[in-house]
Amino acid sequence: MELTLKDFERAAKRLEGIIHKTELDYSSTFSNMAGGEVWMKCENRQKTGSFKIRGAANKIGALLERGELNAVVASSAGNHAQGVAFAAHSHGIPATIVMPKAAPIAKVQATEGYGAKVVLCGECYDDAYAKAMEICAEEGATFLHPFDDYEVMAGQGTVGLEILSVLPTVDTVVVPVGGGGLLAGVAAAVKQLNPRVKVYGVQARGADAVAQSFREKKLVTTNSAATIADGIAVKAPGDITVELINRYADGVVTVSDTEIADAILLLIERAKQIVEPAGATPLAAVLNGRID
């Protein structure tokens with residue numbers, strides 16, 4: 001199966017009235033620091049607080065169109081959880097979300113607030129995933145993968161469509177990477193619309209499975225995922241996401257936790273933006289010279 005422009009356009013149609021088309025914010029401060037124009041796609045201001053609502057809502061919408069959905073189960077460190085909970089609740093569908101025990105309490109409470117049942121299990125995303133699969137088998141529910149799914153990636157790729165519609169002269173798009181759904185979707189959408197545009201992924205140095213996979217040109221998993229960026233702390237990226245990233249992305253770089261923390265503080269002080277560690281990784285990469 002392939003992700004075509006029609007898949008992204010269908011996703012955008014399904015998401016109309018569900019998501020915000022978030023602003024693209026130019027920063028003169030960061031532009032001066034980086035030596036080039038820096039724009040920020042503010043998905044931290046998206047419904048549920050992240051881009052994850054895009055993939056979850058597109059997947060649920062597609063399943064409903066095919067009549068294949070009764071109840072959903074998902075595993076997530078937090079953002080996918082809230083996206084699935086919001087999308088499921090809006091359609092009146094029961095949702096169970098398995099989250100790592102260390103998931104931020106605010107994300108747990110928000111997920112419950114959207115009407116989902118939350119189960120805490122394990123120390124990282126991969127442990128939560130295993131528990132979610134158990135629940136699916138027991139209850140006959142549909143599992144909504146947070147990244148390794150074509151319709152989820154099509155939803156995330158609508159970020160790329162919006163960037164190019166507002167800023168068609170963009171040279172480079174820089175994307176945070178955990179399991180790879182956002183990078184795979186954005187890279188596939190952007191490259192098919194305008195192959196001239198460069199697309200790079202950014203990982204935390206302590207959770208760099210996709211960066212290793214890009215270098216090796218095959219799926220690589222790691223034994224640990226240690227980083228302050230809990231949203232991208234993934235040991236095992238997706239088979240499909242890695243394949244698409246290797247095909248469409250121009251590179252995957254890494255940043256340290258200290259560089260991520262510095263970027264978070266700069267975003268607060270200079271841009272008045274509250275951004276979680278995973279979302280600050282692209283700025284960290286740009287300001288520390290990982291990407292020209």
# chains A, B, ... in the order shown; residues from 1 in each chain; ligands from 1
call {"tool": "residues_around", "arguments": {"residues": "segment 75-88 of chain A", "least_positions_apart": "5", "cutoff": "8 Å", "atoms": "only C-alpha atoms", "output": "CSV table (one decimal) with all heavy atoms, in the first residue's frame"}}
result
chain,number,residue,atom,x,y,z
A,48,THR,N,-6.8,19.0,21.9
A,48,THR,CA,-6.2,18.0,22.8
A,48,THR,C,-4.7,18.3,23.0
A,48,THR,O,-4.0,17.5,23.6
A,48,THR,CB,-6.3,16.5,22.2
A,48,THR,OG1,-5.5,16.3,21.1
A,48,THR,CG2,-7.8,16.3,21.9
A,49,GLY,N,-4.1,19.3,22.4
A,49,GLY,CA,-2.8,19.8,22.7
A,49,GLY,C,-1.7,19.2,21.8
A,49,GLY,O,-0.5,19.5,22.1
A,50,SER,N,-2.0,18.5,20.8
A,50,SER,CA,-1.0,18.0,19.8
A,50,SER,C,-1.6,17.6,18.5
A,50,SER,O,-2.8,17.5,18.4
A,50,SER,CB,-0.2,16.8,20.4
A,50,SER,OG,-0.8,15.6,20.1
A,52,LYS,N,-1.7,14.8,17.3
A,52,LYS,CA,-2.2,13.4,17.3
A,52,LYS,C,-3.7,13.2,17.1
A,52,LYS,O,-4.1,12.2,16.6
A,52,LYS,CB,-1.8,12.7,18.7
A,52,LYS,CG,-0.4,12.4,18.9
A,52,LYS,CD,0.1,11.2,18.1
A,52,LYS,CE,1.5,10.8,18.5
A,52,LYS,NZ,1.9,9.5,17.8
A,53,ILE,N,-4.4,14.3,17.3
A,53,ILE,CA,-5.9,14.2,17.0
A,53,ILE,C,-6.1,14.0,15.6
A,53,ILE,O,-7.1,13.4,15.1
A,53,ILE,CB,-6.6,15.5,17.5
A,53,ILE,CG1,-8.1,15.5,17.2
A,53,ILE,CG2,-5.9,16.8,16.9
A,53,ILE,CD1,-8.9,14.5,18.0
A,54,ARG,N,-5.2,14.5,14.7
A,54,ARG,CA,-5.4,14.3,13.3
A,54,ARG,C,-5.4,12.9,12.8
A,54,ARG,O,-6.3,12.4,12.1
A,54,ARG,CB,-4.2,15.1,12.5
A,54,ARG,CG,-4.2,16.6,12.7
A,54,ARG,CD,-2.9,17.2,12.1
A,54,ARG,NE,-2.8,18.6,12.3
A,54,ARG,CZ,-3.3,19.5,11.4
A,54,ARG,NH1,-3.8,19.1,10.3
A,54,ARG,NH2,-3.1,20.8,11.7
A,56,ALA,N,-5.7,10.1,14.8
A,56,ALA,CA,-6.8,9.4,15.4
A,56,ALA,C,-8.1,9.6,14.8
A,56,ALA,O,-8.9,8.7,14.6
A,56,ALA,CB,-6.8,9.7,16.9
A,57,ALA,N,-8.4,10.9,14.6
A,57,ALA,CA,-9.8,11.2,14.0
A,57,ALA,C,-9.9,10.7,12.6
A,57,ALA,O,-11.0,10.3,12.2
A,57,ALA,CB,-10.0,12.7,14.1
A,60,ILE,N,-10.5,6.8,12.8
A,60,ILE,CA,-11.8,6.5,13.3
A,60,ILE,C,-12.9,6.8,12.2
A,60,ILE,O,-13.8,6.1,12.0
A,60,ILE,CB,-12.1,7.2,14.6
A,60,ILE,CG1,-11.3,6.6,15.8
A,60,ILE,CG2,-13.6,7.2,14.9
A,60,ILE,CD1,-11.4,7.3,17.1
A,93,ILE,N,-18.3,6.4,20.7
A,93,ILE,CA,-17.7,5.1,20.7
A,93,ILE,C,-16.9,4.9,22.0
A,93,ILE,O,-16.1,5.8,22.3
A,93,ILE,CB,-16.7,4.9,19.5
A,93,ILE,CG1,-17.5,5.0,18.2
A,93,ILE,CG2,-16.0,3.6,19.5
A,93,ILE,CD1,-16.7,5.3,17.0
A,94,PRO,N,-17.0,3.7,22.7
A,94,PRO,CA,-16.2,3.5,23.9
A,94,PRO,C,-14.7,3.4,23.5
A,94,PRO,O,-14.3,2.8,22.5
A,94,PRO,CB,-16.7,2.2,24.4
A,94,PRO,CG,-17.9,1.9,23.7
A,94,PRO,CD,-17.9,2.6,22.4
A,95,ALA,N,-13.8,4.0,24.4
A,95,ALA,CA,-12.4,3.9,24.2
A,95,ALA,C,-11.7,3.5,25.5
A,95,ALA,O,-12.0,4.1,26.6
A,95,ALA,CB,-11.9,5.3,23.7
A,97,ILE,N,-7.7,3.4,26.9
A,97,ILE,CA,-6.4,3.8,26.6
A,97,ILE,C,-5.4,3.2,27.6
A,97,ILE,O,-5.6,3.4,28.8
A,97,ILE,CB,-6.2,5.3,26.6
A,97,ILE,CG1,-7.4,6.0,25.8
A,97,ILE,CG2,-4.9,5.8,26.1
A,97,ILE,CD1,-7.4,5.7,24.4
A,98,VAL,N,-4.3,2.6,27.2
A,98,VAL,CA,-3.3,2.0,28.1
A,98,VAL,C,-2.1,3.0,28.0
A,98,VAL,O,-1.6,3.3,26.9
A,98,VAL,CB,-2.9,0.6,27.7
A,98,VAL,CG1,-1.9,0.1,28.7
A,98,VAL,CG2,-4.0,-0.3,27.5
A,99,MET,N,-1.7,3.5,29.2
A,99,MET,CA,-0.6,4.5,29.2
A,99,MET,C,0.5,4.0,30.2
A,99,MET,O,0.2,3.2,31.1
A,99,MET,CB,-1.2,5.8,29.8
A,99,MET,CG,-2.3,6.4,28.9
A,99,MET,SD,-3.0,7.9,29.6
A,99,MET,CE,-1.8,9.1,29.2
A,100,PRO,N,1.7,4.3,29.9
A,100,PRO,CA,2.8,3.9,30.9
A,100,PRO,C,2.5,4.5,32.2
A,100,PRO,O,1.9,5.6,32.4
A,100,PRO,CB,4.1,4.5,30.2
A,100,PRO,CG,3.7,4.8,28.8
A,100,PRO,CD,2.2,5.1,28.8
A,103,ALA,N,3.4,8.2,32.7
A,103,ALA,CA,2.7,9.2,31.9
A,103,ALA,C,2.4,10.4,32.8
A,103,ALA,O,1.9,10.3,33.9
A,103,ALA,CB,1.5,8.6,31.3
A,104,PRO,N,2.5,11.6,32.3
A,104,PRO,CA,2.2,12.8,33.1
A,104,PRO,C,0.8,12.8,33.6
A,104,PRO,O,-0.2,12.5,32.8
A,104,PRO,CB,2.4,14.0,32.1
A,104,PRO,CG,3.4,13.4,31.1
A,104,PRO,CD,3.1,12.0,31.0
A,107,LYS,N,-1.9,14.5,31.5
A,107,LYS,CA,-2.3,13.8,30.3
A,107,LYS,C,-3.3,12.7,30.6
A,107,LYS,O,-4.3,12.4,29.9
A,107,LYS,CB,-1.2,13.2,29.5
A,107,LYS,CG,-0.3,14.3,28.9
A,107,LYS,CD,0.8,13.8,28.0
A,107,LYS,CE,1.6,14.9,27.4
A,107,LYS,NZ,2.8,14.4,26.6
A,108,VAL,N,-3.1,12.0,31.8
A,108,VAL,CA,-4.0,10.9,32.2
A,108,VAL,C,-5.4,11.6,32.5
A,108,VAL,O,-6.4,11.1,32.1
A,108,VAL,CB,-3.4,10.2,33.5
A,108,VAL,CG1,-4.5,9.3,34.0
A,108,VAL,CG2,-2.1,9.5,33.2
A,110,ALA,N,-6.6,14.4,31.5
A,110,ALA,CA,-7.2,14.9,30.2
A,110,ALA,C,-7.9,13.8,29.4
A,110,ALA,O,-9.0,14.0,28.9
A,110,ALA,CB,-6.2,15.7,29.4
A,111,THR,N,-7.2,12.7,29.4
A,111,THR,CA,-7.7,11.5,28.6
A,111,THR,C,-9.0,11.0,29.2
A,111,THR,O,-10.0,10.8,28.5
A,111,THR,CB,-6.7,10.4,28.6
A,111,THR,OG1,-5.4,10.9,28.0
A,111,THR,CG2,-7.2,9.2,27.7
A,112,GLU,N,-9.0,10.9,30.5
A,112,GLU,CA,-10.2,10.5,31.2
A,112,GLU,C,-11.3,11.6,31.1
A,112,GLU,O,-12.5,11.3,30.9
A,112,GLU,CB,-9.9,10.3,32.7
A,112,GLU,CG,-9.1,9.1,33.0
A,112,GLU,CD,-8.7,9.0,34.5
A,112,GLU,OE1,-8.6,10.0,35.2
A,112,GLU,OE2,-8.4,7.8,34.9
A,114,TYR,N,-11.9,13.3,28.5
A,114,TYR,CA,-12.5,13.1,27.2
A,114,TYR,C,-13.4,11.9,27.1
A,114,TYR,O,-14.0,11.6,26.0
A,114,TYR,CB,-11.5,13.1,26.1
A,114,TYR,CG,-10.7,14.4,25.8
A,114,TYR,CD1,-9.3,14.4,25.9
A,114,TYR,CD2,-11.4,15.5,25.6
A,114,TYR,CE1,-8.6,15.6,25.6
A,114,TYR,CE2,-10.7,16.7,25.4
A,114,TYR,CZ,-9.3,16.8,25.4
A,114,TYR,OH,-8.7,17.9,25.2
A,115,GLY,N,-13.5,11.2,28.2
A,115,GLY,CA,-14.5,10.1,28.3
A,115,GLY,C,-13.9,8.7,28.1
A,115,GLY,O,-14.7,7.7,28.0
A,116,ALA,N,-12.6,8.6,28.1
A,116,ALA,CA,-12.0,7.3,27.9
A,116,ALA,C,-11.7,6.6,29.2
A,116,ALA,O,-11.5,7.3,30.2
A,116,ALA,CB,-10.7,7.4,27.1
A,124,CYS,N,7.2,2.1,29.8
A,124,CYS,CA,7.4,2.9,28.6
A,124,CYS,C,6.3,2.6,27.7
A,124,CYS,O,5.4,1.7,27.9
A,124,CYS,CB,8.7,2.6,28.0
A,124,CYS,SG,8.9,1.0,27.3
A,125,TYR,N,6.3,3.2,26.5
A,125,TYR,CA,5.2,3.0,25.5
A,125,TYR,C,5.1,1.5,25.1
A,125,TYR,O,4.0,1.0,25.0
A,125,TYR,CB,5.4,3.9,24.3
A,125,TYR,CG,4.6,3.4,23.1
A,125,TYR,CD1,3.2,3.6,23.1
A,125,TYR,CD2,5.2,2.5,22.1
A,125,TYR,CE1,2.4,3.0,22.1
A,125,TYR,CE2,4.4,2.0,21.1
A,125,TYR,CZ,3.0,2.2,21.1
A,125,TYR,OH,2.2,1.7,20.2
A,128,ALA,N,3.1,-0.5,27.4
A,128,ALA,CA,1.7,-0.2,27.3
A,128,ALA,C,1.0,-0.8,26.1
A,128,ALA,O,-0.1,-1.3,26.1
A,128,ALA,CB,1.5,1.3,27.3
A,129,TYR,N,1.8,-0.8,25.0
A,129,TYR,CA,1.3,-1.4,23.7
A,129,TYR,C,1.0,-2.9,23.9
A,129,TYR,O,0.0,-3.4,23.5
A,129,TYR,CB,2.4,-1.3,22.6
A,129,TYR,CG,2.2,-2.0,21.4
A,129,TYR,CD1,1.2,-1.6,20.4
A,129,TYR,CD2,2.9,-3.2,21.1
A,129,TYR,CE1,1.0,-2.3,19.3
A,129,TYR,CE2,2.7,-3.9,19.9
A,129,TYR,CZ,1.7,-3.4,19.0
A,129,TYR,OH,1.5,-4.1,17.9
A,132,ALA,N,-2.2,-3.3,25.7
A,132,ALA,CA,-3.3,-2.9,24.9
A,132,ALA,C,-3.7,-4.0,23.9
A,132,ALA,O,-4.9,-4.3,23.7
A,132,ALA,CB,-3.0,-1.6,24.1
A,144,LEU,N,-6.1,1.0,17.8
A,144,LEU,CA,-5.7,2.2,17.0
A,144,LEU,C,-4.2,2.5,17.3
A,144,LEU,O,-3.8,3.0,18.3
A,144,LEU,CB,-6.5,3.4,17.4
A,144,LEU,CG,-7.7,3.7,16.5
A,144,LEU,CD1,-8.7,2.5,16.5
A,144,LEU,CD2,-8.4,5.0,16.9
A,145,HIS,N,-3.4,2.1,16.3
A,145,HIS,CA,-1.9,2.2,16.5
A,145,HIS,C,-1.6,3.7,16.5
A,145,HIS,O,-2.1,4.4,15.6
A,145,HIS,CB,-1.2,1.5,15.4
A,145,HIS,CG,0.2,1.2,15.8
A,145,HIS,ND1,1.2,2.1,15.8
A,145,HIS,CD2,0.8,0.0,16.2
A,145,HIS,CE1,2.4,1.6,16.1
A,145,HIS,NE2,2.2,0.3,16.4
A,146,PRO,N,-0.7,4.2,17.3
A,146,PRO,CA,-0.3,5.6,17.3
A,146,PRO,C,0.5,6.1,16.1
A,146,PRO,O,0.5,7.3,15.9
A,146,PRO,CB,0.5,5.7,18.6
A,146,PRO,CG,1.0,4.4,18.9
A,146,PRO,CD,0.0,3.4,18.4
A,230,ASP,N,9.2,12.6,26.7
A,230,ASP,CA,8.4,11.4,26.8
A,230,ASP,C,7.6,11.1,25.6
A,230,ASP,O,7.3,9.9,25.3
A,230,ASP,CB,7.5,11.5,28.1
A,230,ASP,CG,6.5,12.5,28.0
A,230,ASP,OD1,6.9,13.7,28.2
A,230,ASP,OD2,5.3,12.3,27.8
A,231,GLY,N,7.1,12.1,24.9
A,231,GLY,CA,6.3,11.9,23.7
A,231,GLY,C,7.0,11.2,22.6
A,231,GLY,O,6.3,10.7,21.7
call {"tool": "residues_around", "arguments": {"residues": "Ala233 of chain A", "least_positions_apart": "6", "cutoff": "9 Å", "atoms": "only C-alpha atoms", "output": "MDAnalysis selection string"}}
result
chainID A and resid 77 124:125 178:179 203:204 206:208 224:227 278
call {"tool": "closest_residue", "arguments": {"among": "A:Lys101, A:Arg205, A:Lys47, A:Lys41", "to": "Gln273 of chain A", "atoms": "only C-alpha atoms"}}
result
A:Lys41
call {"tool": "select_by_dssp", "arguments": {"residues": "segment 24-201 of chain A", "states": "strand (DSSP E)", "output": "PyMOL selection string"}}
result
chain A and resi 24-27+38-41+72-75+95-99+117-120+142-143+172-176+198-201
call {"tool": "atom_distance", "arguments": {"atom1": "atom CA of Ile260 of chain A", "atom2": "atom CA of Ile232 of chain A"}}
result
12.2 Å
call {"tool": "decode", "arguments": {"residues": "segment 164-188 of chain A", "atoms": "N, CA, C and O atoms", "output": "PDB file, in the first residue's frame"}}
result
ATOM      1  N   LEU A 164       2.403  23.853   3.405  1.00  0.00           N
ATOM      2  CA  LEU A 164       2.629  24.263   2.016  1.00  0.00           C
ATOM      3  C   LEU A 164       1.539  25.207   1.506  1.00  0.00           C
ATOM      4  O   LEU A 164       1.804  26.049   0.654  1.00  0.00           O
ATOM      5  N   SER A 165       0.328  25.085   2.029  1.00  0.00           N
ATOM      6  CA  SER A 165      -0.743  25.984   1.577  1.00  0.00           C
ATOM      7  C   SER A 165      -0.522  27.405   2.075  1.00  0.00           C
ATOM      8  O   SER A 165      -0.859  28.374   1.395  1.00  0.00           O
ATOM      9  N   VAL A 166       0.087  27.540   3.263  1.00  0.00           N
ATOM     10  CA  VAL A 166       0.334  28.866   3.844  1.00  0.00           C
ATOM     11  C   VAL A 166       1.689  29.412   3.416  1.00  0.00           C
ATOM     12  O   VAL A 166       1.849  30.614   3.190  1.00  0.00           O
ATOM     13  N   LEU A 167       2.689  28.527   3.298  1.00  0.00           N
ATOM     14  CA  LEU A 167       4.061  28.955   3.001  1.00  0.00           C
ATOM     15  C   LEU A 167       4.625  28.122   1.834  1.00  0.00           C
ATOM     16  O   LEU A 167       5.486  27.268   2.027  1.00  0.00           O
ATOM     17  N   PRO A 168       4.146  28.364   0.615  1.00  0.00           N
ATOM     18  CA  PRO A 168       4.581  27.547  -0.528  1.00  0.00           C
ATOM     19  C   PRO A 168       6.060  27.686  -0.858  1.00  0.00           C
ATOM     20  O   PRO A 168       6.617  26.831  -1.552  1.00  0.00           O
ATOM     21  N   THR A 169       6.714  28.737  -0.346  1.00  0.00           N
ATOM     22  CA  THR A 169       8.145  28.942  -0.628  1.00  0.00           C
ATOM     23  C   THR A 169       9.048  28.269   0.400  1.00  0.00           C
ATOM     24  O   THR A 169      10.268  28.454   0.364  1.00  0.00           O
ATOM     25  N   VAL A 170       8.483  27.495   1.308  1.00  0.00           N
ATOM     26  CA  VAL A 170       9.285  26.852   2.350  1.00  0.00           C
ATOM     27  C   VAL A 170      10.401  25.997   1.725  1.00  0.00           C
ATOM     28  O   VAL A 170      10.199  25.346   0.703  1.00  0.00           O
ATOM     29  N   ASP A 171      11.580  26.025   2.340  1.00  0.00           N
ATOM     30  CA  ASP A 171      12.716  25.233   1.860  1.00  0.00           C
ATOM     31  C   ASP A 171      12.863  23.922   2.622  1.00  0.00           C
ATOM     32  O   ASP A 171      13.235  22.902   2.053  1.00  0.00           O
ATOM     33  N   THR A 172      12.615  23.977   3.940  1.00  0.00           N
ATOM     34  CA  THR A 172      12.889  22.837   4.812  1.00  0.00           C
ATOM     35  C   THR A 172      11.803  22.708   5.869  1.00  0.00           C
ATOM     36  O   THR A 172      11.412  23.706   6.478  1.00  0.00           O
ATOM     37  N   VAL A 173      11.344  21.484   6.087  1.00  0.00           N
ATOM     38  CA  VAL A 173      10.383  21.200   7.154  1.00  0.00           C
ATOM     39  C   VAL A 173      11.072  20.253   8.139  1.00  0.00           C
ATOM     40  O   VAL A 173      11.639  19.237   7.735  1.00  0.00           O
ATOM     41  N   VAL A 174      11.030  20.602   9.435  1.00  0.00           N
ATOM     42  CA  VAL A 174      11.728  19.838  10.470  1.00  0.00           C
ATOM     43  C   VAL A 174      10.689  19.284  11.443  1.00  0.00           C
ATOM     44  O   VAL A 174       9.902  20.037  12.000  1.00  0.00           O
ATOM     45  N   VAL A 175      10.739  17.966  11.654  1.00  0.00           N
ATOM     46  CA  VAL A 175       9.642  17.253  12.317  1.00  0.00           C
ATOM     47  C   VAL A 175      10.167  16.406  13.481  1.00  0.00           C
ATOM     48  O   VAL A 175      11.140  15.666  13.313  1.00  0.00           O
ATOM     49  N   PRO A 176       9.525  16.460  14.660  1.00  0.00           N
ATOM     50  CA  PRO A 176       9.928  15.556  15.749  1.00  0.00           C
ATOM     51  C   PRO A 176       9.568  14.112  15.423  1.00  0.00           C
ATOM     52  O   PRO A 176       8.573  13.854  14.743  1.00  0.00           O
ATOM     53  N   VAL A 177      10.374  13.167  15.913  1.00  0.00           N
ATOM     54  CA  VAL A 177      10.162  11.745  15.585  1.00  0.00           C
ATOM     55  C   VAL A 177      10.242  10.869  16.826  1.00  0.00           C
ATOM     56  O   VAL A 177      11.214  10.922  17.570  1.00  0.00           O
ATOM     57  N   GLY A 178       9.216  10.046  17.033  1.00  0.00           N
ATOM     58  CA  GLY A 178       9.247   8.986  18.034  1.00  0.00           C
ATOM     59  C   GLY A 178       9.073   7.667  17.312  1.00  0.00           C
ATOM     60  O   GLY A 178      10.024   7.010  16.925  1.00  0.00           O
ATOM     61  N   GLY A 179       7.823   7.279  17.065  1.00  0.00           N
ATOM     62  CA  GLY A 179       7.548   6.084  16.269  1.00  0.00           C
ATOM     63  C   GLY A 179       7.619   6.342  14.784  1.00  0.00           C
ATOM     64  O   GLY A 179       7.753   5.417  13.992  1.00  0.00           O
ATOM     65  N   GLY A 180       7.485   7.609  14.392  1.00  0.00           N
ATOM     66  CA  GLY A 180       7.678   7.985  13.001  1.00  0.00           C
ATOM     67  C   GLY A 180       6.431   8.330  12.204  1.00  0.00           C
ATOM     68  O   GLY A 180       6.528   8.651  11.019  1.00  0.00           O
ATOM     69  N   GLY A 181       5.250   8.292  12.829  1.00  0.00           N
ATOM     70  CA  GLY A 181       4.022   8.561  12.077  1.00  0.00           C
ATOM     71  C   GLY A 181       3.938   9.961  11.521  1.00  0.00           C
ATOM     72  O   GLY A 181       3.522  10.160  10.371  1.00  0.00           O
ATOM     73  N   LEU A 182       4.323  10.956  12.311  1.00  0.00           N
ATOM     74  CA  LEU A 182       4.259  12.347  11.843  1.00  0.00           C
ATOM     75  C   LEU A 182       5.273  12.587  10.729  1.00  0.00           C
ATOM     76  O   LEU A 182       4.937  13.160   9.692  1.00  0.00           O
ATOM     77  N   LEU A 183       6.506  12.144  10.924  1.00  0.00           N
ATOM     78  CA  LEU A 183       7.525  12.352   9.896  1.00  0.00           C
ATOM     79  C   LEU A 183       7.164  11.614   8.610  1.00  0.00           C
ATOM     80  O   LEU A 183       7.286  12.172   7.514  1.00  0.00           O
ATOM     81  N   ALA A 184       6.721  10.365   8.720  1.00  0.00           N
ATOM     82  CA  ALA A 184       6.350   9.604   7.523  1.00  0.00           C
ATOM     83  C   ALA A 184       5.225  10.301   6.768  1.00  0.00           C
ATOM     84  O   ALA A 184       5.289  10.459   5.539  1.00  0.00           O
ATOM     85  N   GLY A 185       4.190  10.729   7.493  1.00  0.00           N
ATOM     86  CA  GLY A 185       3.060  11.389   6.845  1.00  0.00           C
ATOM     87  C   GLY A 185       3.428  12.717   6.235  1.00  0.00           C
ATOM     88  O   GLY A 185       3.085  13.011   5.080  1.00  0.00           O
ATOM     89  N   VAL A 186       4.139  13.552   6.996  1.00  0.00           N
ATOM     90  CA  VAL A 186       4.517  14.874   6.491  1.00  0.00           C
ATOM     91  C   VAL A 186       5.479  14.745   5.311  1.00  0.00           C
ATOM     92  O   VAL A 186       5.325  15.428   4.290  1.00  0.00           O
ATOM     93  N   ALA A 187       6.469  13.870   5.427  1.00  0.00           N
ATOM     94  CA  ALA A 187       7.440  13.710   4.337  1.00  0.00           C
ATOM     95  C   ALA A 187       6.761  13.221   3.062  1.00  0.00           C
ATOM     96  O   ALA A 187       7.030  13.734   1.967  1.00  0.00           O
ATOM     97  N   ALA A 188       5.875  12.236   3.181  1.00  0.00           N
ATOM     98  CA  ALA A 188       5.185  11.710   2.001  1.00  0.00           C
ATOM     99  C   ALA A 188       4.300  12.772   1.361  1.00  0.00           C
ATOM    100  O   ALA A 188       4.265  12.912   0.131  1.00  0.00           O
TER     101      ALA A 188
END
